[in-house]
Amino acid sequence: MKKYLKKLIYIGTLLLPFMAIQSSAQSLSASTTVTGIITDANDKDPLPYVTLLFKGTNIVSRSDADGKFTISTSENHTQLQFSFVGYKTKIVNIKPGETQTIAVQMESAATSLNEVVISSGKRPSYKNRDNPAVELIRRVIDHKNSNRMEAYDQVEYKQYEKMVFNMSNLSEKFKNKRIFRNYQFLFEEQDSTKIGGKNLLPIFIQEKFSQNYYNKNPEKTKTIILGDKHVNYDTPLIDSKGLSQYFERMYADVNIYDNNISLVSNQFLSPIADAAPTFYKFFITDTIKNHSPQLIELSFIPRNNTDMLFEGRIYITMDGNYAVQDAFLTVNKNINLNFVRALEVKLTFDKNEVNRYYLAKTNLLVDFGLNQNKGGGFTGERVVTLTDYQINKKQPAEVYDGPKLVVVPEAEKRGNQFWLENRTDTLSKNDLQIYSNVDTLKNMTSFKKTMDLVTLLFAGYKDFGPFEVGPVNTFYSFNEVEGFRLRLGGRTTTALSKRYYFETYGAYGFNDEKWKYFLSGTYSLNNKSIYTFPQSYLRASFQRDTKIPGQELQFVQEDNFLLSFKRGENNMMLYNDTYKFEYMKEFENHFSYNLSFRKWSQKPGGTLFFNNFLNNRAQRIDNINTSEVTLALRYAPKERFYQGKLYRTPIIDKYPILNFRYTAGLKGVFDGDYNYHKIDGSIQKRFYLSQLGYSDVTAEGGYTFGKLPFPLLTIHRANQSYAYQLNSYNLMNFLEFVSDHYASFNIDHNFNGFFFNKIPLLKKLKLRENASFKILYGGIRNENDPALNQSLLTFPVNQDGVSTTYSLDREPYMEGSVGIGNIFKLLRVDLVKRFNYLDHPVVSEWGIRARVKFDF
């Protein structure tokens, strides 16, 4: 009997799952699922965040920002109830046990809201006028100044912040690829409904703890970093501090009381900005009476869902202060924002000692990916928590002395006890594991090999420990003078020394049959990498190479293969021998100076010749020798960098960059042939214009004192490649214009799709408009005009004897362009027009130029 009983139990156990499946199937077959869209009965606009439920139950859902909804139940219900502040409650009959789609239209009704009492009957469309939600947001806007931190004489608080960055949304197939066979310990799993998907691969974590002070009059701030804990990668491509600065730029502080909020390199209009009612639609969606003070839930959506705007909801205190008590911000799925699959901001406010609200916690999460809906990507989360918030507590003046940001020496050496006492946000077991995981990872041979490959692909260098070879895109190029040009070079790394750095290359032109080479040695004076801020070093170098007169490139090698393709004639070059010694010093406030000495010899090449007509007789000059001392000053307040072990690139921001340079030519010193003085200065600044995008503006000018041949005057930046260059004149020929005094103004504006977003056929393409204008004034004095002074070198001429080099007349050189950007999310194409000096030989009035630009 026992034997048969055991068999029955065994068989029953086997059948239980199938019985459960059958039961589940029966339940599913009887489930009710309703999807649809909710619109205004009059203007047919979608209604966001409408509350809906199966009547008589607590089974609740809400419509999304586009008015769409889904709600399900396994119970037997026949009616759905829809409610929305400002609208009449609607009851809709449904069919139980079926999946169905319905369209719901709601009619407006009179609304009363505390002090804001506005009646509105049927309306033809959404309007700001006589809209209680808009009236409320205007109250919030009017009270912004009294709710900011700046409303108090003094403020101080402690701040803890945590930044975690993961590879996200990784499939099991991706996780189990051979390349990750040794890295399974890195992966972690989470609820697949969360942003980032099921599988995550944490790659970065940083924690900071600081004491912060603010003083209103005079306005001063001070931040003292007391603790800084982060993972430490030891590769040429990845620098932990550089990653930190990059993430701080991408995941900036969110102050909802600012008109514009900077996130992922873009500016979003705040829902309580002064102009918010022009760009947002607002809806009163709930009244929370069990909170003191009473709160109003105010939901909002963009009027145009591709603009740089948020959608979400904010909770407003109805105590006369009209402060934000909580906020949830996200973005529409159709927003003209590249590679961002999801963005969420949660803001939590607490009461201070005078019962006003201050921002106590920010949780910012962004998910990036090439594919909008699937595939792996990256997810970053930054949490900022404020504690010990005190107001109107005056501190001694010396608290604010020195730099605004101070890092105490022991900040990166804090132990576990310090973080246990000061960590105000929960750190999961998986988060804590990232520190040890990265330590394990960076010592793995397979990881080092992988990073070598990544460095080669993205930075162009092959690492061999103390020396790396590259950049690979300069190994081969060509031009009309040198013909095919082969080059091989490299530089030392921190693996050799943190004090000494060497860089070299050798190149050979098969047409001119000449060798070119370069060697430099740099000594770091502060025992840091010479690429690390702040720089302090001595450098000596020698270079023998060619240069196109008038070609000035930023962050790109002149012999880059892609720049070999040029329009028009490109057969004039200079052969330069340059000995240079320089001292570089940067300060924590981002002021820097560079003092250098240069011995420089220029020889003409190709169809370029140095000729003059002394005593009415033509004679050819072999070379020009100069010796000069230069002092360069630079001030870039609050500048940050994309930082690696062996590179750094400035991040363009709203703060100006000022440059000034003075050069003195020394005749008789190391065979220098000329005495002269040069001064040059420039101001660069990005202006953010909220929804209209941003403008990059540069004003520049210079003056040369002394009688000089044209190669020593200012040869204006020209571009004969097909790549659009922001700082050059894209339809000017090389060596076309020279000046001994000049002034220029350049503006390049990106509209961020503001107009294209309003055109239905272009809206889905997420293209962006660009426009630029450049104007250059200049000229040469009589003493430097070869037509008036035969002892000077004559301007170059072409094979027909027509001059190809000119001074600017009273009329300035002008060019402008209109362009389409964000093509395939990477490409910008401009149609460029040259407005004048069209009678010069081999010039084009129109041109098409392209530029690859990675942008969010």
# chains A, B, ... in the order shown; residues from 1 in each chain; ligands from 1
call {"tool": "select_by_dssp", "arguments": {"residues": "region 210-382 of chain A", "states": "strand (DSSP E)", "output": "PyMOL selection string"}}
result
chain A and resi 210-215+220-230+260-263+266-269+280-288+295-302+311-317+324-330+340-351+357-369+377-382
call {"tool": "atom_distance", "arguments": {"atom1": "CA of Met308 (chain A)", "atom2": "CA of Asn334 (chain A)"}}
result
10.3 Å
call {"tool": "atom_distance", "arguments": {"atom1": "CA of Glu513 (chain A)", "atom2": "CA of Leu486 (chain A)"}}
result
11.4 Å
call {"tool": "residues_around", "arguments": {"residues": "Ile747 (chain A)", "least_positions_apart": "6", "cutoff": "7 Å", "atoms": "only C-alpha atoms", "output": "ChimeraX atom specification"}}
result
/A:695-698,772-774
call {"tool": "closest_atom_pairs", "arguments": {"of": "region 67-159 of chain A", "to": "region 216-219 of chain A", "cutoff": "8 Å", "atoms": "only C-alpha atoms", "output": "CSV"}}
result
residue,atom,partner,partner_atom,distance
A:Glu150,CA,A:Lys216,CA,6.6
A:Tyr152,CA,A:Lys216,CA,7.0
A:Asp153,CA,A:Lys216,CA,4.9
A:Gln154,CA,A:Lys216,CA,6.1
call {"tool": "residues_around", "arguments": {"residues": "Ile301 (chain A)", "least_positions_apart": "6", "cutoff": "8 Å", "atoms": "only C-alpha atoms", "output": "JSON, numbers by chain"}}
result
{"A": [48, 65, 280, 281, 282, 310, 311, 312]}
